[in-house]
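Written out below as structure tokens is the structure these notes cover.
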Number of protein chains: 4
Amino acid sequence: MQDPQRLRQRYQSIRALSEHICAPLEIEDYQIQSIVETSPPKWHLAHVTWFFETFVLTAYLDGYRPYHPVFEHLFNSYYETLGNAYPRPKRGLLARPTVPEVYAYRKAIDAAMDTLFDRLQQDPDAQLLALIELGLNHEQQHQELLYMDIKYNFSVNPLRPAYRDDLPDRGDMGATLLEWREQPGGVYEIGHDPDGGAFCYDNESPRHPHYLADFLMAGRLVTNKEYLAFIEDEGYQRSDLWLADGWTHINRYDWRHPMYWEPDGEGGWLEMTLGGLRPWRPDDPVSHVSYFEADAYARWAGRRLPTEAELEVVLEKMPVYGNFAEEGVLHPAPATKDGQWFGDLWRWSATAYHPYPGFRPYAGSAGEYNGKFMSNQMVLRGGCCVTPRDHVRASYRNFFYPHDRWQFSGIQLADSPA
Amino acid sequence: MQDPQRLRQRYQSIRALSEHICAPLEIEDYQIQSIVETSPPKWHLAHVTWFFETFVLTAYLDGYRPYHPVFEHLFNSYYETLGNAYPRPKRGLLARPTVPEVYAYRKAIDAAMDTLFDRLQQDPDAQLLALIELGLNHEQQHQELLYMDIKYNFSVNPLRPAYRDDLPDRGDMGATLLEWREQPGGVYEIGHDPDGGAFCYDNESPRHPHYLADFLMAGRLVTNKEYLAFIEDEGYQRSDLWLADGWTHINRYDWRHPMYWEPDGEGGWLEMTLGGLRPWRPDDPVSHVSYFEADAYARWAGRRLPTEAELEVVLEKMPVYGNFAEEGVLHPAPATKDGQWFGDLWRWSATAYHPYPGFRPYAGSAGEYNGKFMSNQMVLRGGCCVTPRDHVRASYRNFFYPHDRWQFSGIQLADSPA
Amino acid sequence: MQDPQRLRQRYQSIRALSEHICAPLEIEDYQIQSIVETSPPKWHLAHVTWFFETFVLTAYLDGYRPYHPVFEHLFNSYYETLGNAYPRPKRGLLARPTVPEVYAYRKAIDAAMDTLFDRLQQDPDAQLLALIELGLNHEQQHQELLYMDIKYNFSVNPLRPAYRDDLPDRGDMGATLLEWREQPGGVYEIGHDPDGGAFCYDNESPRHPHYLADFLMAGRLVTNKEYLAFIEDEGYQRSDLWLADGWTHINRYDWRHPMYWEPDGEGGWLEMTLGGLRPWRPDDPVSHVSYFEADAYARWAGRRLPTEAELEVVLEKMPVYGNFAEEGVLHPAPATKDGQWFGDLWRWSATAYHPYPGFRPYAGSAGEYNGKFMSNQMVLRGGCCVTPRDHVRASYRNFFYPHDRWQFSGIQLADSPA
Amino acid sequence: MQDPQRLRQRYQSIRALSEHICAPLEIEDYQIQSIVETSPPKWHLAHVTWFFETFVLTAYLDGYRPYHPVFEHLFNSYYETLGNAYPRPKRGLLARPTVPEVYAYRKAIDAAMDTLFDRLQQDPDAQLLALIELGLNHEQQHQELLYMDIKYNFSVNPLRPAYRDDLPDRGDMGATLLEWREQPGGVYEIGHDPDGGAFCYDNESPRHPHYLADFLMAGRLVTNKEYLAFIEDEGYQRSDLWLADGWTHINRYDWRHPMYWEPDGEGGWLEMTLGGLRPWRPDDPVSHVSYFEADAYARWAGRRLPTEAELEVVLEKMPVYGNFAEEGVLHPAPATKDGQWFGDLWRWSATAYHPYPGFRPYAGSAGEYNGKFMSNQMVLRGGCCVTPRDHVRASYRNFFYPHDRWQFSGIQLADSPA
């Protein structure tokens, strides 16, 4: 069982961080939903608050009365069992509540949570503490979404604004030689190890045996320069390199390069970042590629993408160390001499997001958290440069559709011994 | 030729009015584009400014340098001959420039215009003065659009905010008896009379003869109560009352009542207004109906819609008097004993928007102002409760697509003598 | 009142002609619906038969029992008051009834009509005879649609089959000099003259006065060569020549030439015809252009399109003579020395399709024949090379959407005296 | 290596069977493509022929000249490396070549294949023989598609025609009690065993170890009656039972029952079959359900779907025996006392269609056969009542999108021991 006092501190710190992330925004920036997959920053701030209000306060705090009768409708994301949610594609149309009103909502919920924490310190309740922990992890996920969505929103504006103009621009650092790590086959235990007692999502359980053949894992992410060679070799024009659905998709939307690359008008490239439009760095890891692109690149390179089990087996031996949100870089960086295992970019796996054998979703409406997305999506592993470090672990399963690429995703190749 | 000093005062007053209209808005409200037909208030404020900058300052003020290199792209509405405009459906995605930046843009252009007016007072230029007058009429049109778009934006928000909560709510005032005005047939002169010297748009000219048979015109607009009888007589369910395209449209979008009516949950109705959600007034003119609905209602009532020439012939004899924006009601009101001829709601005519015989558009890019919209749209006449009074005249031709209804449109019936 | 015996002969001859038109088709050809606007030839043959069955036999022949319980649903085109019609876009999915079954249906209805004609000869009924005449005109319209739809169906097949390979190919005949016909202004009577006693559709009535200014009408249609000059002068690239909706449409669908022109691979053109793919003839009238293209061409040429009243005033003085379906050419031909007034191609007018003052639709479901299409469409006049000659007259109002161009439509310019 | 003479016989017999399947069709039926997923029967007959012409004759028969210059374009399905294929959604628009012309094409290719077989008997070529075997398996797949597509085409016709009216209608046979088969866990070899020498597709290889926990497999398919209980328990209304994409899909298309069920108007059901519209049989296996429905049913039933490895492990021990196309029933039948393991309906697995570890696609353009579809689809196992028996084996991997249901798919439940 979590210590209530420690959890309260963690609550305060995570809640504050969300607001810190939004501090550089103008009021107008809070309002934008540039594609249906993204949400306005204002909505994120309200939705994570709604999560605590609905799942924690309404359920556990005696006498708690909803802050606003319509917020339940406005800020429910997708919990169908809780009633009809406001339509996702129209979140950007909600001028009201205003930004100050949303901050007031946050403050009110934080105050009520404070009351609840008081009671919890007197009378700890393991189930409730676990639920709060889930709410905090949920808010951390939305912190990453905030970065992703802000980057996208700024990128579609012809003015190409910078989210922050004080981010370190490291210049070009040079790429590390690509080394391959060998891993012997056998039956491995996959999934979160319950003995540690640490938090995990329902989809990481239960731990179960899984057979793996011998395999090789690249010691770092694929770089911009390496990916450029694929482009220059007509990679986007050769149908034999692509999955059929991918080929249809890239031609329908005329994709010819990763999402945030832009021609510089002189035969070279620029890259849109959270620091604005910047020179393209050859040795940065290639980022914001879809599964279709990652898969095509791997085929072109004569390798393959790793399975999620392969990634987990390798990651499990590594410290959770790397370029995370705490670094303040907010952009992937070249590998160090120690290799590149966590952070920088989520690694696409070649594995569809499905339940582990014996999977049991959370009870109640929280059961909609993960399980219902287990079709049509692919697993990614390892965390990225906008993920809070303490949100990631080896068994963590992120997931996106194969055509998604506004998340910070990259390519770590695998192979099978000859 | 206009007097430069008087035009300068008019310029200042109209420019100030646009900002006055936006004064009740929160920053967030400036940002919203709820459907592709509407634009964010911020965009309207910038676009009308761009019009002066592009057509007046850049063209006529020696040494004028554009305020911002990208604004030309962002705030061009549809002038294809001026280069590629930023895509209309994405205006709501422009968080930047911010609202204060747009107000600064307005201020800078106003200052440059002031300089230009100084020169004009010394050296009047009839063509330039006419162009400024066009720019002012253009801004007045966008003042009406601001009211229309704000109303729509607020209506789709589940919180149903009020644009202003201090608007007079007159209670129910009782309807005037419907009287019919007879008009003898013959060849009439239609179109703006150039002898008066007053401003008109290119599409109101040239004045030309037009044959009309004897006709009758209703003395006031159709009321909510009258329209409700149509609904209750299964008006929306009877295909024989509808134009084919209208029948398709209302069934596709499941229209069963005017745009801003909402069931009150007890068998009655509420109506969304610029003052928020209000009780439904039986004797208010029915508003925000499409041409398809106006046409179906007229057929059901055994009457017809007037042609635009019939409306002009009647209006030409009336003073431009009625419920306009200056009244501050911002909602249509029941007719007075004198009848209802101007104001309250634009009257749908049964006439497609086409050029008058001998029509000549403005020279240059301003030629795109009106003429290129002369297909697929219907003419409306008479002005409405959010139109500036001095913007309207008997010959004024407003136009919308037959399915549009976010404008303040209503129904004034006509008939032919037995 | 029509003579029953003459009407019976006319019935037999028109019914036989529909089948004659389909004689060159393979069974497979009867089945195709290449776009939603077209219908499979089999469906046309059944639908015109359904019209007689529903409006004539079921209504007037005592004891008549429907041929098949589901045909009512399958072959109703758009008569909403008769109940739910089978969805138009899916007509091409009806493998059954088979072609022989549809011919059997025609035969059965013809037999029942024969019985009805027997009774009519004994006991003539003016209303019923008028209804049969309407049914025959309806079938003639579908004869033209058969040609239009077959041409389109064949054109989308990469094999480019010929509907008939025995059509005369006249070689190139040389264009007639373009002469302009002057017409003085004044108040004209427009619409079908009821004194003649001839058939007309409801939409051609009532005859009514209409004021026209002096105008000029081109003595022939615009030719391919003349239209090519517009293309070569960047006509499809210059936004200032186009209506806004037209500009959007041609860019959305990437239109750069008339519908049936195809590059020949050597810088020249081919043209798809009912006789297959043929050399492009410079002096043939340009055909299968939309209203948007006709309007843009006229603007480029410094002229304008005629109004429908102007066309009617000119046509009324001419004999109904020209290149109609009976010629067996099934393609527009260059003008003769006498000018080109009827036939070859329907002339786009600049007039929206609206009711004449005092318009009254047919009673009952037949009232859906014309009136309900009176929005969003434009009038065309004069008939074309696939129209039966006796189906056309000066007052005949054909109508299509401004973007339609699979009909045989062309351009006859008008102008106003200087 | 295959014996050339035996393969020639097999070739003749499979080619004849395709034509036998089409024998009950009218010419019109050959032409229909009712949804984009289906193809016209005529196209299937031509496409399988094109496969032999392109991959076998053109590649291996000296001096072979293509039968028709455009057929390559028309009948290529999706082999991007062979050049631009005619767009799939427009296959139903190809009236030409006619049905007799397609049969003539088949005959010509069969004659050329005969010549090739003569040469092969003199000079056998293992690679070529394997390619012909692939072509035959390909044609068998299209035999199943013919049945699927014909059923769908007939079902959308309001006349509900029967493909064959002489199919046995077995009446209701009573369901077998549901028994569960236990299977111990461990590391199993999965994938086609190359030692047998039998044909398999590339996607069934290589055989590889796979860890499985103990599991239970239902002894038969879920029945209509069992599925009806799910419907009556509001299965289609309870969001908690569905994957998120499934919930979106069923509500978007308003799915409330399996594809071919129709209300009988008296509270009961009918079912569309290849024998026409028939009484609904409670004990028939529920068929034509999507993965989303199969998954929701399993969740409702408190069980789960099996993985593809679980299905293979069970099937590998069973004889390939069951209700296949050869039975001539062409509809799933209730289980026998021996259980239901092969045939009747393809079983949805809970496994996404991905490459096996070490997967190598065929060389050349044939490499597009399977591998490029390895995203977004789910594996099905076991064959069905319209699959040729000798086309199926335990390792056979069929695949469809989770929303597809026009294939003969059903539900075989699995579970994990408590």
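Please note that chains go A, B, ... in the order of the structure tokens, that every chain numbers its residues from 1, and that ligands are numbered from 1 in the order shown.
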
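Within 6 Å of chain B, counting only C-alpha atoms, chain C contributes His210, Tyr211, Leu243, Ala244, Lys372, Phe373 and Asn376 of chain C.
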
Would you write out those residues with C-alpha atoms, as a PDB file, in the first residue's frame?
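Result file is result10.pdb:
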ATOM      1  CA  HIS C 210     -41.044  39.579 -69.863  1.00  0.00           C
ATOM      2  CA  TYR C 211     -38.953  42.671 -70.544  1.00  0.00           C
ATOM      3  CA  LEU C 243     -17.429  31.714 -60.841  1.00  0.00           C
ATOM      4  CA  ALA C 244     -16.211  30.870 -57.346  1.00  0.00           C
ATOM      5  CA  LYS C 372     -39.440  20.171 -57.259  1.00  0.00           C
ATOM      6  CA  PHE C 373     -36.180  20.534 -59.150  1.00  0.00           C
ATOM      7  CA  ASN C 376     -29.672  25.074 -57.889  1.00  0.00           C
TER       8      ASN C 376
END

Would you give me, as a PDB file with all heavy atoms, in the first residue's frame, the residues in region 261-302 of chain B that DSSP reads as helix (DSSP H, G or I)?
ATOM      1  N   TYR B 291     -33.594  28.770 -47.225  1.00  0.00           N
ATOM      2  CA  TYR B 291     -34.485  28.987 -48.376  1.00  0.00           C
ATOM      3  C   TYR B 291     -35.402  27.790 -48.545  1.00  0.00           C
ATOM      4  O   TYR B 291     -36.594  27.944 -48.841  1.00  0.00           O
ATOM      5  CB  TYR B 291     -33.653  29.197 -49.641  1.00  0.00           C
ATOM      6  CG  TYR B 291     -34.503  29.306 -50.885  1.00  0.00           C
ATOM      7  CD1 TYR B 291     -35.192  30.471 -51.180  1.00  0.00           C
ATOM      8  CD2 TYR B 291     -34.634  28.227 -51.753  1.00  0.00           C
ATOM      9  CE1 TYR B 291     -35.984  30.569 -52.317  1.00  0.00           C
ATOM     10  CE2 TYR B 291     -35.425  28.316 -52.889  1.00  0.00           C
ATOM     11  CZ  TYR B 291     -36.097  29.486 -53.165  1.00  0.00           C
ATOM     12  OH  TYR B 291     -36.892  29.575 -54.277  1.00  0.00           O
ATOM     13  N   PHE B 292     -34.870  26.599 -48.347  1.00  0.00           N
ATOM     14  CA  PHE B 292     -35.690  25.398 -48.514  1.00  0.00           C
ATOM     15  C   PHE B 292     -36.890  25.428 -47.565  1.00  0.00           C
ATOM     16  O   PHE B 292     -38.002  25.068 -47.939  1.00  0.00           O
ATOM     17  CB  PHE B 292     -34.853  24.144 -48.270  1.00  0.00           C
ATOM     18  CG  PHE B 292     -33.786  23.908 -49.307  1.00  0.00           C
ATOM     19  CD1 PHE B 292     -32.477  23.585 -48.924  1.00  0.00           C
ATOM     20  CD2 PHE B 292     -34.073  23.987 -50.662  1.00  0.00           C
ATOM     21  CE1 PHE B 292     -31.494  23.352 -49.878  1.00  0.00           C
ATOM     22  CE2 PHE B 292     -33.091  23.750 -51.632  1.00  0.00           C
ATOM     23  CZ  PHE B 292     -31.803  23.436 -51.231  1.00  0.00           C
ATOM     24  N   GLU B 293     -36.633  25.857 -46.330  1.00  0.00           N
ATOM     25  CA  GLU B 293     -37.725  25.917 -45.357  1.00  0.00           C
ATOM     26  C   GLU B 293     -38.698  27.045 -45.688  1.00  0.00           C
ATOM     27  O   GLU B 293     -39.917  26.879 -45.578  1.00  0.00           O
ATOM     28  CB  GLU B 293     -37.149  26.099 -43.941  1.00  0.00           C
ATOM     29  CG  GLU B 293     -36.459  24.840 -43.410  1.00  0.00           C
ATOM     30  CD  GLU B 293     -35.535  25.103 -42.233  1.00  0.00           C
ATOM     31  OE1 GLU B 293     -34.586  25.926 -42.392  1.00  0.00           O
ATOM     32  OE2 GLU B 293     -35.763  24.519 -41.166  1.00  0.00           O
ATOM     33  N   ALA B 294     -38.162  28.199 -46.081  1.00  0.00           N
ATOM     34  CA  ALA B 294     -39.035  29.322 -46.429  1.00  0.00           C
ATOM     35  C   ALA B 294     -39.941  28.937 -47.596  1.00  0.00           C
ATOM     36  O   ALA B 294     -41.149  29.212 -47.605  1.00  0.00           O
ATOM     37  CB  ALA B 294     -38.186  30.544 -46.794  1.00  0.00           C
ATOM     38  N   ASP B 295     -39.354  28.272 -48.593  1.00  0.00           N
ATOM     39  CA  ASP B 295     -40.108  27.856 -49.772  1.00  0.00           C
ATOM     40  C   ASP B 295     -41.182  26.824 -49.408  1.00  0.00           C
ATOM     41  O   ASP B 295     -42.313  26.893 -49.891  1.00  0.00           O
ATOM     42  CB  ASP B 295     -39.113  27.289 -50.793  1.00  0.00           C
ATOM     43  CG  ASP B 295     -39.790  26.621 -51.969  1.00  0.00           C
ATOM     44  OD1 ASP B 295     -40.203  27.356 -52.891  1.00  0.00           O
ATOM     45  OD2 ASP B 295     -39.936  25.387 -51.959  1.00  0.00           O
ATOM     46  N   ALA B 296     -40.821  25.872 -48.559  1.00  0.00           N
ATOM     47  CA  ALA B 296     -41.789  24.836 -48.164  1.00  0.00           C
ATOM     48  C   ALA B 296     -42.921  25.454 -47.347  1.00  0.00           C
ATOM     49  O   ALA B 296     -44.096  25.107 -47.517  1.00  0.00           O
ATOM     50  CB  ALA B 296     -41.085  23.733 -47.364  1.00  0.00           C
ATOM     51  N   TYR B 297     -42.557  26.379 -46.467  1.00  0.00           N
ATOM     52  CA  TYR B 297     -43.600  27.041 -45.666  1.00  0.00           C
ATOM     53  C   TYR B 297     -44.579  27.773 -46.582  1.00  0.00           C
ATOM     54  O   TYR B 297     -45.808  27.681 -46.411  1.00  0.00           O
ATOM     55  CB  TYR B 297     -42.982  28.023 -44.677  1.00  0.00           C
ATOM     56  CG  TYR B 297     -44.053  28.776 -43.925  1.00  0.00           C
ATOM     57  CD1 TYR B 297     -44.662  28.205 -42.805  1.00  0.00           C
ATOM     58  CD2 TYR B 297     -44.524  30.011 -44.370  1.00  0.00           C
ATOM     59  CE1 TYR B 297     -45.692  28.870 -42.144  1.00  0.00           C
ATOM     60  CE2 TYR B 297     -45.546  30.678 -43.716  1.00  0.00           C
ATOM     61  CZ  TYR B 297     -46.124  30.105 -42.605  1.00  0.00           C
ATOM     62  OH  TYR B 297     -47.151  30.737 -41.964  1.00  0.00           O
ATOM     63  N   ALA B 298     -44.031  28.511 -47.554  1.00  0.00           N
ATOM     64  CA  ALA B 298     -44.892  29.287 -48.456  1.00  0.00           C
ATOM     65  C   ALA B 298     -45.832  28.361 -49.221  1.00  0.00           C
ATOM     66  O   ALA B 298     -47.022  28.651 -49.381  1.00  0.00           O
ATOM     67  CB  ALA B 298     -44.035  30.098 -49.428  1.00  0.00           C
ATOM     68  N   ARG B 299     -45.311  27.215 -49.671  1.00  0.00           N
ATOM     69  CA  ARG B 299     -46.151  26.272 -50.411  1.00  0.00           C
ATOM     70  C   ARG B 299     -47.256  25.744 -49.493  1.00  0.00           C
ATOM     71  O   ARG B 299     -48.414  25.634 -49.889  1.00  0.00           O
ATOM     72  CB  ARG B 299     -45.282  25.138 -50.957  1.00  0.00           C
ATOM     73  CG  ARG B 299     -46.014  24.240 -51.950  1.00  0.00           C
ATOM     74  CD  ARG B 299     -45.056  23.325 -52.701  1.00  0.00           C
ATOM     75  NE  ARG B 299     -44.192  24.084 -53.581  1.00  0.00           N
ATOM     76  CZ  ARG B 299     -42.877  24.213 -53.423  1.00  0.00           C
ATOM     77  NH1 ARG B 299     -42.264  23.607 -52.420  1.00  0.00           N
ATOM     78  NH2 ARG B 299     -42.182  24.950 -54.253  1.00  0.00           N
ATOM     79  N   TRP B 300     -46.873  25.407 -48.284  1.00  0.00           N
ATOM     80  CA  TRP B 300     -47.859  24.902 -47.314  1.00  0.00           C
ATOM     81  C   TRP B 300     -48.937  25.962 -47.047  1.00  0.00           C
ATOM     82  O   TRP B 300     -50.131  25.641 -46.937  1.00  0.00           O
ATOM     83  CB  TRP B 300     -47.127  24.538 -46.016  1.00  0.00           C
ATOM     84  CG  TRP B 300     -48.019  24.189 -44.873  1.00  0.00           C
ATOM     85  CD1 TRP B 300     -48.611  22.992 -44.622  1.00  0.00           C
ATOM     86  CD2 TRP B 300     -48.433  25.066 -43.810  1.00  0.00           C
ATOM     87  NE1 TRP B 300     -49.356  23.042 -43.482  1.00  0.00           N
ATOM     88  CE2 TRP B 300     -49.269  24.315 -42.959  1.00  0.00           C
ATOM     89  CE3 TRP B 300     -48.172  26.409 -43.493  1.00  0.00           C
ATOM     90  CZ2 TRP B 300     -49.849  24.854 -41.802  1.00  0.00           C
ATOM     91  CZ3 TRP B 300     -48.742  26.953 -42.359  1.00  0.00           C
ATOM     92  CH2 TRP B 300     -49.567  26.177 -41.524  1.00  0.00           C
TER      93      TRP B 300
END

For Glu182 (chain A): contacts at 12 Å, only C-alpha atoms, fewer than 5 positions along chain excluded, given as a VMD selection string: chain A and resid 213 to 219 310 313 to 314 414 to 417

DSSP strand (DSSP E or B) residues within region 108-279 of chain B, listed as a ChimeraX atom specification: /B:180-183,186-190,208-212,215-218,223,261-263,269-273,276-279

Selection near region 339-346 of chain A, 6 Å with only C-alpha atoms, sequence-local residues under 3 positions removed, as JSON, numbers by chain: {"A": [219, 220, 322, 323, 324, 332, 335, 336, 380, 381, 382, 383, 384, 385, 408, 409, 410]}

Could you write those residues out with all heavy atoms, as a compact mmCIF listing (two decimals), in the first residue's frame?
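Heads up, here's the output in out_10.txt:
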# COMPACT_ATOMS: atom_id res chain seq x y z
N GLY A 219 21.82 -1.09 -31.17
CA GLY A 219 22.19 -0.40 -29.95
C GLY A 219 21.70 1.05 -29.88
O GLY A 219 21.87 1.71 -28.86
N ARG A 220 21.10 1.51 -30.95
CA ARG A 220 20.57 2.88 -30.92
C ARG A 220 19.48 3.04 -31.97
O ARG A 220 19.24 2.16 -32.81
CB ARG A 220 21.68 3.90 -31.15
CG ARG A 220 22.35 3.76 -32.50
CD ARG A 220 23.10 5.04 -32.88
NE ARG A 220 23.90 4.85 -34.07
CZ ARG A 220 23.45 4.82 -35.31
NH1 ARG A 220 22.14 4.91 -35.55
NH2 ARG A 220 24.27 4.69 -36.33
N GLY A 322 17.86 8.00 -19.65
CA GLY A 322 17.87 8.50 -21.02
C GLY A 322 17.31 9.91 -21.10
O GLY A 322 17.12 10.59 -20.09
N ASN A 323 17.02 10.31 -22.31
CA ASN A 323 16.54 11.65 -22.60
C ASN A 323 15.01 11.71 -22.41
O ASN A 323 14.26 11.45 -23.34
CB ASN A 323 16.95 12.02 -24.03
CG ASN A 323 16.44 13.38 -24.45
OD1 ASN A 323 15.98 14.19 -23.61
ND2 ASN A 323 16.50 13.65 -25.75
N PHE A 324 14.59 12.04 -21.17
CA PHE A 324 13.17 12.16 -20.85
C PHE A 324 12.79 13.63 -20.70
O PHE A 324 13.64 14.53 -20.82
CB PHE A 324 12.86 11.38 -19.56
CG PHE A 324 12.94 9.90 -19.74
CD1 PHE A 324 13.96 9.15 -19.14
CD2 PHE A 324 11.99 9.23 -20.50
CE1 PHE A 324 14.04 7.79 -19.31
CE2 PHE A 324 12.05 7.85 -20.66
CZ PHE A 324 13.09 7.13 -20.06
N PRO A 332 14.51 14.56 -29.49
CA PRO A 332 15.42 13.41 -29.38
C PRO A 332 16.86 13.82 -29.66
O PRO A 332 17.11 14.72 -30.47
CB PRO A 332 14.90 12.45 -30.46
CG PRO A 332 14.14 13.32 -31.42
CD PRO A 332 13.58 14.44 -30.61
N ALA A 335 22.53 9.13 -29.78
CA ALA A 335 22.87 8.15 -28.76
C ALA A 335 24.19 8.49 -28.09
O ALA A 335 25.04 9.14 -28.68
CB ALA A 335 22.97 6.77 -29.41
N THR A 336 24.33 8.05 -26.88
CA THR A 336 25.62 8.18 -26.20
C THR A 336 26.39 6.88 -26.41
O THR A 336 25.90 5.94 -27.04
CB THR A 336 25.41 8.40 -24.69
OG1 THR A 336 24.79 7.22 -24.16
CG2 THR A 336 24.50 9.60 -24.44
N LEU A 380 4.34 0.25 -28.76
CA LEU A 380 5.62 0.95 -28.76
C LEU A 380 6.20 0.86 -27.36
O LEU A 380 5.47 0.80 -26.36
CB LEU A 380 5.48 2.42 -29.14
CG LEU A 380 4.88 2.72 -30.52
CD1 LEU A 380 3.41 2.95 -30.42
CD2 LEU A 380 5.57 3.92 -31.17
N ARG A 381 7.52 0.87 -27.26
CA ARG A 381 8.19 0.69 -25.98
C ARG A 381 9.27 1.73 -25.74
O ARG A 381 9.82 2.30 -26.68
CB ARG A 381 8.85 -0.71 -25.97
CG ARG A 381 7.88 -1.87 -26.03
CD ARG A 381 7.10 -1.99 -24.74
NE ARG A 381 6.30 -3.20 -24.68
CZ ARG A 381 6.44 -4.15 -23.75
NH1 ARG A 381 7.35 -4.00 -22.78
NH2 ARG A 381 5.66 -5.21 -23.76
N GLY A 382 9.57 1.98 -24.48
CA GLY A 382 10.79 2.70 -24.11
C GLY A 382 10.68 4.16 -23.69
O GLY A 382 11.63 4.72 -23.18
N GLY A 383 9.55 4.81 -23.96
CA GLY A 383 9.44 6.21 -23.55
C GLY A 383 10.18 7.15 -24.49
O GLY A 383 10.92 6.70 -25.36
N CYS A 384 9.96 8.45 -24.29
CA CYS A 384 10.55 9.42 -25.20
C CYS A 384 10.91 10.71 -24.46
O CYS A 384 10.73 10.83 -23.25
CB CYS A 384 9.61 9.70 -26.36
SG CYS A 384 8.21 10.76 -25.94
N CYS A 385 11.39 11.67 -25.21
CA CYS A 385 11.92 12.91 -24.66
C CYS A 385 10.85 13.83 -24.07
O CYS A 385 11.19 14.90 -23.54
CB CYS A 385 12.73 13.65 -25.73
SG CYS A 385 11.72 14.01 -27.19
N PHE A 408 5.95 11.06 -30.47
CA PHE A 408 7.42 11.02 -30.64
C PHE A 408 7.85 9.57 -30.84
O PHE A 408 8.27 8.89 -29.90
CB PHE A 408 8.12 11.64 -29.43
CG PHE A 408 8.03 13.15 -29.38
CD1 PHE A 408 6.84 13.79 -29.01
CD2 PHE A 408 9.11 13.95 -29.71
CE1 PHE A 408 6.75 15.18 -28.95
CE2 PHE A 408 9.03 15.35 -29.65
CZ PHE A 408 7.85 15.96 -29.28
N SER A 409 7.78 9.09 -32.07
CA SER A 409 8.07 7.69 -32.36
C SER A 409 9.28 7.56 -33.27
O SER A 409 9.52 8.42 -34.12
CB SER A 409 6.86 7.04 -33.04
OG SER A 409 6.42 7.85 -34.12
N GLY A 410 10.03 6.50 -33.08
CA GLY A 410 11.23 6.27 -33.86
C GLY A 410 11.43 4.79 -34.15
O GLY A 410 10.52 3.98 -33.93

Neighbour list for Asp29 (chain A) as a PyMOL selection string, cut-off 12 Å, only C-alpha atoms, skip fewer than 6 positions in-chain: (chain A and resi 22-23+39-43+92+95+99+146+149-154+157+161-163) or (chain B and resi 27-28+30-32+92-99)

Within 7 Å of Val379 (chain B) using only C-alpha atoms, minus same-chain residues under 3 positions, as a ChimeraX atom specification: /B:308,348-349,351-353,397-400

Could those residues be written to a file, using C-alpha atoms, as an mmCIF file, in the first residue's frame?
data_model
loop_
_atom_site.group_PDB
_atom_site.id
_atom_site.type_symbol
_atom_site.label_atom_id
_atom_site.label_comp_id
_atom_site.auth_asym_id
_atom_site.auth_seq_id
_atom_site.Cartn_x
_atom_site.Cartn_y
_atom_site.Cartn_z
ATOM 1 C CA GLU B 308 -36.273 40.105 -55.641
ATOM 2 C CA TRP B 348 -35.633 35.232 -48.794
ATOM 3 C CA SER B 349 -36.574 36.036 -52.377
ATOM 4 C CA THR B 351 -34.755 34.753 -57.246
ATOM 5 C CA ALA B 352 -31.363 33.233 -57.916
ATOM 6 C CA TYR B 353 -28.440 35.602 -57.509
ATOM 7 C CA ARG B 397 -28.767 42.340 -52.686
ATOM 8 C CA ASN B 398 -27.673 39.925 -50.015
ATOM 9 C CA PHE B 399 -27.172 36.275 -51.033
ATOM 10 C CA PHE B 400 -26.798 32.869 -49.439
#

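For region 254-266 of chain B, the residues within 9 Å (counting only C-alpha atoms, excluding itself and residues fewer than 4 positions away along the chain) are Tyr152, Ser155, Leu228, Ile231, Gly235, Tyr236, Gln237, His249, Ile250, Leu270, Glu271, Met272, Thr273, Leu277, Pro279, Trp280, Val286, Ser287, His288, Val289, Ser290, Glu293, Arg405 and Trp406 of chain B.
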